[in-house]
file entry00.pdb (PDB, C-alpha atoms, pLDDT in the B column)
ATOM      1  CA  MET O   1     138.482 110.820 112.417  1.00 52.00           C
ATOM      2  CA  GLY O   2     136.468 107.607 112.001  1.00 60.00           C
ATOM      3  CA  ARG O   3     133.708 106.378 114.235  1.00 69.00           C
ATOM      4  CA  LYS O   4     134.689 103.927 116.964  1.00 71.00           C
ATOM      5  CA  PRO O   5     133.755 100.362 115.969  1.00 76.00           C
ATOM      6  CA  VAL O   6     130.754  98.975 117.852  1.00 67.00           C
ATOM      7  CA  SER O   7     131.394  95.719 119.651  1.00 74.00           C
ATOM      8  CA  GLU O   8     129.105  92.728 119.254  1.00 75.00           C
ATOM      9  CA  GLU O   9     127.992  93.155 122.882  1.00 74.00           C
ATOM     10  CA  GLU O  10     127.111  96.835 122.380  1.00 65.00           C
ATOM     11  CA  HIS O  11     125.268  96.081 119.151  1.00 63.00           C
ATOM     12  CA  ALA O  12     123.288  93.257 120.790  1.00 65.00           C
ATOM     13  CA  ALA O  13     122.400  95.427 123.789  1.00 68.00           C
ATOM     14  CA  LYS O  14     121.188  98.293 121.572  1.00 71.00           C
ATOM     15  CA  LYS O  15     119.089  96.041 119.373  1.00 62.00           C
ATOM     16  CA  GLY O  16     117.749  94.246 122.448  1.00 64.00           C
ATOM     17  CA  LYS O  17     116.403  97.530 123.821  1.00 71.00           C
ATOM     18  CA  ILE O  18     114.774  98.363 120.485  1.00 65.00           C
ATOM     19  CA  LYS O  19     113.147  94.923 120.320  1.00 63.00           C
ATOM     20  CA  ALA O  20     111.867  95.166 123.902  1.00 59.00           C
ATOM     21  CA  ALA O  21     110.314  98.572 123.200  1.00 59.00           C
ATOM     22  CA  ARG O  22     108.757  97.257 119.984  1.00 68.00           C
ATOM     23  CA  ASP O  23     107.391  94.181 121.739  1.00 57.00           C
ATOM     24  CA  ARG O  24     105.763  96.387 124.392  1.00 66.00           C
ATOM     25  CA  MET O  25     104.208  98.584 121.724  1.00 62.00           C
ATOM     26  CA  MET O  26     102.872  95.591 119.760  1.00 57.00           C
ATOM     27  CA  ALA O  27     101.438  94.010 122.920  1.00 62.00           C
ATOM     28  CA  GLU O  28      99.275  97.100 123.372  1.00 64.00           C
ATOM     29  CA  LYS O  29      97.858  96.855 119.821  1.00 57.00           C
ATOM     30  CA  THR O  30      94.993  94.407 120.272  1.00 56.00           C
ATOM     31  CA  GLY O  31      92.287  96.032 118.137  1.00 66.00           C
ATOM     32  CA  ASP O  32      90.942  94.225 115.081  1.00 84.00           C
ATOM     33  CA  LYS O  33      88.711  95.910 112.501  1.00 92.00           C
ATOM     34  CA  GLY O  34      88.023  96.303 108.826  1.00 96.00           C
ATOM     35  CA  LEU O  35      89.851  99.353 107.524  1.00 97.00           C
ATOM     36  CA  ILE O  36      88.990 102.126 105.104  1.00 98.00           C
ATOM     37  CA  ILE O  37      92.209 102.588 103.137  1.00 98.00           C
ATOM     38  CA  VAL O  38      92.955 105.423 100.708  1.00 98.00           C
ATOM     39  CA  HIS O  39      95.826 105.491  98.200  1.00 98.00           C
ATOM     40  CA  THR O  40      96.110 108.898  96.570  1.00 98.00           C
ATOM     41  CA  GLY O  41      98.604 111.460  95.269  1.00 97.00           C
ATOM     42  CA  PRO O  42     100.177 112.266  91.887  1.00 93.00           C
ATOM     43  CA  GLY O  43     102.770 109.499  92.014  1.00 93.00           C
ATOM     44  CA  LYS O  44     102.600 106.054  90.456  1.00 90.00           C
ATOM     45  CA  GLY O  45     101.706 102.998  92.553  1.00 93.00           C
ATOM     46  CA  LYS O  46      98.223 103.662  93.925  1.00 95.00           C
ATOM     47  CA  SER O  47      96.453 100.864  92.073  1.00 94.00           C
ATOM     48  CA  SER O  48      99.537  98.642  92.234  1.00 94.00           C
ATOM     49  CA  SER O  49      99.524  98.869  96.025  1.00 96.00           C
ATOM     50  CA  GLY O  50      95.811  98.074  96.127  1.00 97.00           C
ATOM     51  CA  PHE O  51      96.304  95.000  93.955  1.00 96.00           C
ATOM     52  CA  GLY O  52      99.189  93.949  96.178  1.00 96.00           C
ATOM     53  CA  MET O  53      96.740  93.891  99.091  1.00 98.00           C
ATOM     54  CA  ILE O  54      94.298  91.848  97.012  1.00 98.00           C
ATOM     55  CA  LEU O  55      97.037  89.279  96.355  1.00 97.00           C
ATOM     56  CA  ARG O  56      97.769  89.127 100.079  1.00 97.00           C
ATOM     57  CA  CYS O  57      94.095  88.362 100.714  1.00 97.00           C
ATOM     58  CA  ILE O  58      94.212  85.587  98.127  1.00 98.00           C
ATOM     59  CA  ALA O  59      97.355  84.153  99.751  1.00 97.00           C
ATOM     60  CA  HIS O  60      95.470  84.036 103.066  1.00 97.00           C
ATOM     61  CA  GLY O  61      92.433  82.400 101.424  1.00 97.00           C
ATOM     62  CA  MET O  62      90.329  85.514 102.069  1.00 97.00           C
ATOM     63  CA  PRO O  63      87.514  86.172  99.539  1.00 98.00           C
ATOM     64  CA  CYS O  64      87.929  89.600  97.932  1.00 98.00           C
ATOM     65  CA  ALA O  65      86.712  91.697  95.025  1.00 98.00           C
ATOM     66  CA  VAL O  66      87.792  94.454  92.653  1.00 97.00           C
ATOM     67  CA  VAL O  67      85.654  97.138  91.050  1.00 96.00           C
ATOM     68  CA  GLN O  68      87.470  99.237  88.430  1.00 92.00           C
ATOM     69  CA  PHE O  69      85.821 102.586  87.827  1.00 90.00           C
ATOM     70  CA  ILE O  70      87.919 104.135  85.056  1.00 80.00           C
ATOM     71  CA  LYS O  71      90.112 101.661  83.198  1.00 66.00           C
ATOM     72  CA  GLY O  72      87.143 100.000  81.533  1.00 62.00           C
ATOM     73  CA  THR O  73      87.902  97.251  79.047  1.00 63.00           C
ATOM     74  CA  TRP O  74      91.710  97.541  79.232  1.00 67.00           C
ATOM     75  CA  ASP O  75      93.389  94.124  79.174  1.00 74.00           C
ATOM     76  CA  THR O  76      95.539  94.715  82.245  1.00 82.00           C
ATOM     77  CA  GLY O  77      97.924  92.205  83.755  1.00 85.00           C
ATOM     78  CA  GLU O  78      96.163  92.291  87.127  1.00 90.00           C
ATOM     79  CA  ARG O  79      92.776  91.650  85.533  1.00 90.00           C
ATOM     80  CA  ARG O  80      94.117  88.725  83.519  1.00 92.00           C
ATOM     81  CA  LEU O  81      95.891  87.194  86.526  1.00 94.00           C
ATOM     82  CA  LEU O  82      92.942  87.483  88.893  1.00 95.00           C
ATOM     83  CA  THR O  83      90.234  86.319  86.498  1.00 93.00           C
ATOM     84  CA  GLU O  84      92.205  83.455  84.948  1.00 95.00           C
ATOM     85  CA  HIS O  85      93.839  82.065  88.086  1.00 96.00           C
ATOM     86  CA  PHE O  86      92.019  83.303  91.186  1.00 96.00           C
ATOM     87  CA  GLY O  87      88.415  83.801  90.119  1.00 95.00           C
ATOM     88  CA  TYR O  88      87.305  81.367  92.818  1.00 96.00           C
ATOM     89  CA  LEU O  89      88.492  83.818  95.502  1.00 97.00           C
ATOM     90  CA  CYS O  90      88.428  87.225  93.815  1.00 98.00           C
ATOM     91  CA  GLN O  91      85.568  88.757  91.859  1.00 97.00           C
ATOM     92  CA  PHE O  92      86.637  91.278  89.205  1.00 95.00           C
ATOM     93  CA  HIS O  93      84.278  93.896  87.785  1.00 93.00           C
ATOM     94  CA  ALA O  94      85.501  96.455  85.225  1.00 89.00           C
ATOM     95  CA  MET O  95      82.691  99.016  85.232  1.00 82.00           C
ATOM     96  CA  GLY O  96      84.257 102.071  83.603  1.00 67.00           C
ATOM     97  CA  GLU O  97      84.126 102.752  79.887  1.00 61.00           C
ATOM     98  CA  GLY O  98      87.560 104.264  79.531  1.00 57.00           C
ATOM     99  CA  PHE O  99      89.151 107.465  80.766  1.00 54.00           C
ATOM    100  CA  THR O 100      86.956 110.542  80.889  1.00 57.00           C
ATOM    101  CA  TRP O 101      88.854 112.326  78.123  1.00 53.00           C
ATOM    102  CA  GLU O 102      88.226 109.348  75.828  1.00 57.00           C
ATOM    103  CA  THR O 103      84.443 109.119  76.227  1.00 60.00           C
ATOM    104  CA  GLN O 104      83.776 112.894  76.205  1.00 72.00           C
ATOM    105  CA  ASP O 105      80.259 112.035  77.339  1.00 80.00           C
ATOM    106  CA  ARG O 106      79.523 113.112  80.909  1.00 84.00           C
ATOM    107  CA  ALA O 107      76.134 111.390  81.103  1.00 85.00           C
ATOM    108  CA  ARG O 108      77.703 108.107  79.995  1.00 84.00           C
ATOM    109  CA  ASP O 109      80.536 108.497  82.508  1.00 85.00           C
ATOM    110  CA  ILE O 110      78.076 109.173  85.324  1.00 88.00           C
ATOM    111  CA  ALA O 111      76.008 106.126  84.395  1.00 88.00           C
ATOM    112  CA  ALA O 112      79.125 103.923  84.351  1.00 88.00           C
ATOM    113  CA  ALA O 113      80.306 105.292  87.708  1.00 90.00           C
ATOM    114  CA  GLU O 114      76.886 104.789  89.284  1.00 93.00           C
ATOM    115  CA  ALA O 115      76.756 101.199  88.004  1.00 92.00           C
ATOM    116  CA  GLY O 116      80.189 100.614  89.491  1.00 93.00           C
ATOM    117  CA  TRP O 117      79.136 102.053  92.837  1.00 96.00           C
ATOM    118  CA  GLU O 118      75.996  99.883  92.944  1.00 96.00           C
ATOM    119  CA  LYS O 119      78.161  96.803  92.339  1.00 96.00           C
ATOM    120  CA  ALA O 120      80.633  98.034  94.970  1.00 97.00           C
ATOM    121  CA  LYS O 121      77.890  98.418  97.581  1.00 98.00           C
ATOM    122  CA  GLU O 122      76.623  94.919  96.834  1.00 98.00           C
ATOM    123  CA  LEU O 123      80.111  93.464  97.322  1.00 98.00           C
ATOM    124  CA  ILE O 124      80.882  95.485 100.454  1.00 98.00           C
ATOM    125  CA  ARG O 125      77.609  94.468 102.088  1.00 98.00           C
ATOM    126  CA  ASP O 126      78.527  90.782 101.677  1.00 97.00           C
ATOM    127  CA  PRO O 127      80.246  89.885 104.985  1.00 93.00           C
ATOM    128  CA  SER O 128      81.954  86.876 103.389  1.00 96.00           C
ATOM    129  CA  ILE O 129      84.073  89.215 101.233  1.00 98.00           C
ATOM    130  CA  ARG O 130      86.981  90.432 103.335  1.00 98.00           C
ATOM    131  CA  MET O 131      88.385  93.152 101.063  1.00 98.00           C
ATOM    132  CA  VAL O 132      86.954  95.254  98.239  1.00 98.00           C
ATOM    133  CA  LEU O 133      89.273  97.336  96.055  1.00 98.00           C
ATOM    134  CA  LEU O 134      87.572 100.345  94.447  1.00 97.00           C
ATOM    135  CA  ASP O 135      90.185 101.113  91.827  1.00 95.00           C
ATOM    136  CA  GLU O 136      90.275 104.743  90.602  1.00 94.00           C
ATOM    137  CA  ILE O 137      87.043 105.657  92.409  1.00 96.00           C
ATOM    138  CA  ASN O 138      88.697 108.906  93.530  1.00 96.00           C
ATOM    139  CA  ILE O 139      88.656 110.105  89.924  1.00 92.00           C
ATOM    140  CA  ALA O 140      84.926 109.440  89.668  1.00 92.00           C
ATOM    141  CA  LEU O 141      84.445 111.335  92.932  1.00 95.00           C
ATOM    142  CA  ARG O 142      86.643 114.222  91.808  1.00 93.00           C
ATOM    143  CA  TYR O 143      84.552 114.736  88.656  1.00 91.00           C
ATOM    144  CA  GLU O 144      81.370 114.446  90.752  1.00 93.00           C
ATOM    145  CA  TYR O 145      80.160 111.369  88.901  1.00 92.00           C
ATOM    146  CA  LEU O 146      79.345 110.070  92.384  1.00 95.00           C
ATOM    147  CA  ASP O 147      78.149 111.864  95.526  1.00 97.00           C
ATOM    148  CA  ILE O 148      81.084 111.931  97.949  1.00 97.00           C
ATOM    149  CA  LYS O 149      78.815 112.384 100.968  1.00 97.00           C
ATOM    150  CA  ALA O 150      76.781 109.313 100.017  1.00 97.00           C
ATOM    151  CA  VAL O 151      79.960 107.242  99.582  1.00 98.00           C
ATOM    152  CA  ILE O 152      81.353 108.290 102.974  1.00 98.00           C
ATOM    153  CA  THR O 153      78.008 107.713 104.705  1.00 98.00           C
ATOM    154  CA  PHE O 154      77.749 104.226 103.215  1.00 98.00           C
ATOM    155  CA  LEU O 155      81.279 103.290 104.280  1.00 98.00           C
ATOM    156  CA  ARG O 156      80.656 104.626 107.784  1.00 96.00           C
ATOM    157  CA  ASP O 157      77.198 103.125 108.342  1.00 96.00           C
ATOM    158  CA  GLU O 158      76.896 100.000 106.178  1.00 97.00           C
ATOM    159  CA  LYS O 159      80.362  98.502 105.769  1.00 97.00           C
ATOM    160  CA  PRO O 160      80.579  95.267 107.790  1.00 96.00           C
ATOM    161  CA  GLU O 161      82.871  95.609 110.782  1.00 95.00           C
ATOM    162  CA  MET O 162      85.610  93.300 109.480  1.00 96.00           C
ATOM    163  CA  THR O 163      85.575  94.282 105.792  1.00 98.00           C
ATOM    164  CA  HIS O 164      88.498  96.239 104.367  1.00 98.00           C
ATOM    165  CA  VAL O 165      87.744  98.755 101.591  1.00 98.00           C
ATOM    166  CA  VAL O 166      90.581 100.225  99.514  1.00 98.00           C
ATOM    167  CA  LEU O 167      89.944 103.369  97.448  1.00 98.00           C
ATOM    168  CA  THR O 168      92.538 104.513  94.906  1.00 97.00           C
ATOM    169  CA  GLY O 169      93.069 107.478  92.640  1.00 96.00           C
ATOM    170  CA  ARG O 170      94.654 110.911  92.828  1.00 94.00           C
ATOM    171  CA  ASN O 171      93.007 113.931  94.460  1.00 95.00           C
ATOM    172  CA  ALA O 172      91.146 112.064  97.206  1.00 97.00           C
ATOM    173  CA  ALA O 173      88.479 114.273  98.789  1.00 96.00           C
ATOM    174  CA  GLU O 174      89.221 115.739 102.221  1.00 96.00           C
ATOM    175  CA  GLY O 175      86.097 114.131 103.663  1.00 96.00           C
ATOM    176  CA  LEU O 176      87.244 110.714 102.487  1.00 97.00           C
ATOM    177  CA  ILE O 177      90.706 111.244 103.932  1.00 97.00           C
ATOM    178  CA  GLU O 178      89.162 112.192 107.285  1.00 97.00           C
ATOM    179  CA  ALA O 179      86.909 109.112 107.249  1.00 97.00           C
ATOM    180  CA  ALA O 180      89.739 106.718 106.367  1.00 98.00           C
ATOM    181  CA  ASP O 181      91.796 104.659 108.813  1.00 97.00           C
ATOM    182  CA  LEU O 182      94.880 104.519 106.589  1.00 97.00           C
ATOM    183  CA  VAL O 183      95.896 107.084 103.978  1.00 98.00           C
ATOM    184  CA  THR O 184      98.987 106.942 101.780  1.00 97.00           C
ATOM    185  CA  GLU O 185      99.974 109.704  99.370  1.00 97.00           C
ATOM    186  CA  MET O 186     102.196 108.688  96.451  1.00 95.00           C
ATOM    187  CA  THR O 187     104.649 111.443  95.483  1.00 93.00           C
ATOM    188  CA  LEU O 188     105.840 111.868  91.910  1.00 87.00           C
ATOM    189  CA  VAL O 189     109.606 112.377  91.682  1.00 88.00           C
ATOM    190  CA  LYS O 190     110.319 111.232  88.113  1.00 87.00           C
ATOM    191  CA  HIS O 191     108.256 109.532  85.399  1.00 76.00           C
ATOM    192  CA  PRO O 192     109.347 108.189  81.974  1.00 73.00           C
ATOM    193  CA  PHE O 193     106.202 109.595  80.322  1.00 68.00           C
ATOM    194  CA  ARG O 194     107.792 113.048  80.534  1.00 72.00           C
ATOM    195  CA  ALA O 195     110.708 111.732  78.479  1.00 70.00           C
ATOM    196  CA  GLY O 196     108.402 110.454  75.738  1.00 77.00           C
ATOM    197  CA  ILE O 197     108.202 106.859  76.972  1.00 73.00           C
ATOM    198  CA  LYS O 198     104.779 105.237  76.591  1.00 79.00           C
ATOM    199  CA  ALA O 199     103.065 103.079  79.221  1.00 75.00           C
ATOM    200  CA  GLN O 200     104.888  99.786  79.630  1.00 74.00           C
ATOM    201  CA  ALA O 201     103.389  96.313  80.064  1.00 73.00           C
ATOM    202  CA  GLY O 202     104.202  94.995  83.517  1.00 71.00           C
ATOM    203  CA  VAL O 203     104.747  98.508  84.862  1.00 71.00           C
ATOM    204  CA  GLU O 204     101.574 100.474  84.102  1.00 73.00           C
ATOM    205  CA  PHE O 205      99.216  97.680  83.072  1.00 67.00           C
TER     206      PHE O 205
END
call {"tool": "encode", "arguments": {"input": "entry00.pdb", "output": "C-alpha cells"}}
result
Amino acid sequence: MGRKPVSEEEHAAKKGKIKAARDRMMAEKTGDKGLIIVHTGPGKGKSSSGFGMILRCIAHGMPCAVVQFIKGTWDTGERRLLTEHFGYLCQFHAMGEGFTWETQDRARDIAAAEAGWEKAKELIRDPSIRMVLLDEINIALRYEYLDIKAVITFLRDEKPEMTHVVLTGRNAAEGLIEAADLVTEMTLVKHPFRAGIKAQAGVEF
C-alpha cells in the first residue's frame, strides 16, 4: 500500500517548522573565531578539502598560505594554480623533499619538517594571513619529525585569534584532535590503486 500523497499545504507547513527551528538555532550562533581544523583518516580527500578552503579564502579576498610538508617538489595542480594565478593572495611553500620511503634518510626528513614548521609558525603569527594550510603535517607528526606537544602548544598560545589553521594527513594524534575545533575523518570505501590504477592528474595531483 503506497504512502498518502502530501499536499502542498502540508509540505509547506512541515518545511516552515524546520526553517523556523533552524533560524532559531542560527540566531544563537554568534561566536566568531579562528579555527583549528583537522582532516584525517585513511580515505582520499584530506588535502583536497584543505585546498577547497584555501580557494574559498581567495574568493573572499582573504590572504592565506600553504605549507606542504611531504609532497616536496611534485608539480601538483593546486600548486600550479595557486602560484601562477593567485600568488598575490596565497603564499605557497613546498618544504618536504618527497615521501619518507623515497628519501630513506631520517635526518634529512627531520630537517625538512623542521624547516616547514618554522615557515608555518612565521605565517601563522602574521595576523594579516587569515588561513594557513599545513598539508600532510600529520605524517611528519606521526613519524616524530616534529614534537606534537610543541605544535599543539604553539597553536593554543600563539595563533592569532582570527586565524584559521588547517592540518591534514592520516593518523592525526589524539592530542591534536582534542585541541582542534573541527575534525573530519575521511573513510576509505574503495580506491582504484587497489585495482592497479596509478595516481591520476586532476584526481590525486
call {"tool": "resolve_selection", "arguments": {"input": "entry00.pdb", "expression": "the PyMOL selection byres ((chain O and resi 122) around 12)", "output": "PyMOL selection string"}}
result
chain O and resi 65-67+91+93+115-121+123-129+132+154+158-160
call {"tool": "residues_around", "arguments": {"input": "entry00.pdb", "residues": "O:Leu133", "least_positions_apart": "3", "cutoff": "8 Å", "atoms": "only C-alpha atoms", "output": "PyMOL selection string"}}
result
chain O and resi 50-51+54+65-67+165-168
call {"tool": "closest_residue", "arguments": {"input": "entry00.pdb", "among": "O:Gly175, O:Gly169, O:Pro42, O:Gly202", "to": "O:Ala150", "atoms": "all atoms listed in the file"}}
result
O:Gly175
call {"tool": "atom_distance", "arguments": {"input": "entry00.pdb", "atom1": "atom CA of O:Ala201", "atom2": "atom CA of O:Thr76"}}
result
8.3 Å
call {"tool": "closest_residue", "arguments": {"input": "entry00.pdb", "among": "O:Arg130, O:His191, O:Glu204, O:Phe69", "to": "O:Lys33", "atoms": "only C-alpha atoms"}}
result
O:Arg130
call {"tool": "atom_distance", "arguments": {"input": "entry00.pdb", "atom1": "atom CA of O:Phe86", "atom2": "atom CA of O:His164"}}
result
18.8 Å
call {"tool": "residues_around", "arguments": {"input": "entry00.pdb", "residues": "O:Glu136", "least_positions_apart": "2", "cutoff": "12 Å", "atoms": "only C-alpha atoms", "output": "JSON, numbers by chain"}}
result
{"O": [38, 39, 40, 41, 45, 46, 47, 48, 50, 51, 66, 67, 68, 69, 70, 71, 72, 94, 95, 96, 98, 99, 100, 113, 116, 117, 133, 134, 138, 139, 140, 141, 142, 143, 166, 167, 168, 169, 170, 171, 172]}
call {"tool": "atom_distance", "arguments": {"input": "entry00.pdb", "atom1": "atom CA of O:Leu89", "atom2": "atom CA of O:Pro63"}}
result
4.8 Å
call {"tool": "residues_around", "arguments": {"input": "entry00.pdb", "residues": "O:Leu182", "least_positions_apart": "6", "cutoff": "8 Å", "atoms": "only C-alpha atoms", "output": "list in words"}}
result
Leu35, Ile36, Ile37 and Val38 of chain O
call {"tool": "closest_residue", "arguments": {"input": "entry00.pdb", "among": "O:Glu178, O:Glu8, O:Asp147, O:Asp135", "to": "O:Phe92", "atoms": "only C-alpha atoms"}}
result
O:Asp135
call {"tool": "decode", "arguments": {"input": "entry00.pdb", "residues": "stretch 53-130 of chain O", "atoms": "C-alpha atoms", "output": "compact mmCIF listing (two decimals), in the first residue's frame"}}
result
# COMPACT_ATOMS: atom_id res chain seq x y z
CA MET O 53 39.05 26.05 1.89
CA ILE O 54 42.05 27.94 0.54
CA LEU O 55 40.12 28.69 -2.66
CA ARG O 56 37.20 29.94 -0.58
CA CYS O 57 39.56 32.33 1.20
CA ILE O 58 40.85 33.58 -2.14
CA ALA O 59 37.27 34.10 -3.37
CA HIS O 60 36.62 36.24 -0.28
CA GLY O 61 39.85 38.21 -0.82
CA MET O 62 41.35 36.75 2.37
CA PRO O 63 45.18 36.39 2.39
CA CYS O 64 46.18 32.77 3.01
CA ALA O 65 49.14 30.42 2.81
CA VAL O 66 50.05 26.79 2.21
CA VAL O 67 52.96 24.84 3.66
CA GLN O 68 53.40 21.35 2.17
CA PHE O 69 55.36 19.03 4.43
CA ILE O 70 55.62 15.82 2.40
CA LYS O 71 54.88 16.25 -1.30
CA GLY O 72 58.07 18.20 -1.90
CA THR O 73 58.80 19.21 -5.47
CA TRP O 74 55.77 17.47 -7.04
CA ASP O 75 54.20 19.59 -9.79
CA THR O 76 50.66 19.39 -8.43
CA GLY O 77 47.64 21.07 -9.97
CA GLU O 78 46.88 23.01 -6.79
CA ARG O 79 50.44 24.32 -6.57
CA ARG O 80 50.41 25.42 -10.21
CA LEU O 81 47.01 27.11 -9.89
CA LEU O 82 47.82 28.99 -6.70
CA THR O 83 51.31 30.15 -7.65
CA GLU O 84 50.51 31.11 -11.24
CA HIS O 85 47.14 32.79 -10.69
CA PHE O 86 46.70 33.71 -7.03
CA GLY O 87 50.20 34.37 -5.72
CA TYR O 88 49.13 37.87 -4.71
CA LEU O 89 46.75 36.39 -2.11
CA CYS O 90 48.17 32.95 -1.33
CA GLN O 91 51.75 32.11 -0.41
CA PHE O 92 52.83 28.57 -1.32
CA HIS O 93 55.78 26.83 0.32
CA ALA O 94 56.68 23.23 -0.58
CA MET O 95 59.08 22.27 2.21
CA GLY O 96 59.18 18.47 2.05
CA GLU O 97 61.68 16.54 -0.02
CA GLY O 98 59.39 13.74 -1.09
CA PHE O 99 57.68 10.91 0.75
CA THR O 100 59.58 9.32 3.61
CA TRP O 101 60.02 6.00 1.81
CA GLU O 102 61.68 7.84 -1.09
CA THR O 103 64.32 9.74 0.89
CA GLN O 104 65.19 6.88 3.30
CA ASP O 105 67.11 9.48 5.30
CA ARG O 106 65.53 10.26 8.66
CA ALA O 107 67.86 13.15 9.49
CA ARG O 108 67.05 14.79 6.15
CA ASP O 109 63.32 14.27 6.69
CA ILE O 110 63.50 15.80 10.16
CA ALA O 111 65.41 18.82 8.85
CA ALA O 112 62.83 19.34 6.08
CA ALA O 113 59.93 19.01 8.53
CA GLU O 114 61.53 21.44 10.98
CA ALA O 115 62.11 23.97 8.18
CA GLY O 116 58.47 23.61 7.19
CA TRP O 117 57.30 24.14 10.76
CA GLU O 118 59.46 27.27 11.15
CA LYS O 119 57.89 28.69 7.98
CA ALA O 120 54.44 27.66 9.24
CA LYS O 121 54.94 29.48 12.55
CA GLU O 122 56.07 32.60 10.72
CA LEU O 123 52.94 32.56 8.54
CA ILE O 124 50.56 31.78 11.41
CA ARG O 125 51.96 34.59 13.54
CA ASP O 126 51.18 37.10 10.76
CA PRO O 127 47.69 38.41 11.66
CA SER O 128 47.10 39.58 8.09
CA ILE O 129 47.04 35.95 6.90
CA ARG O 130 43.58 34.55 7.58
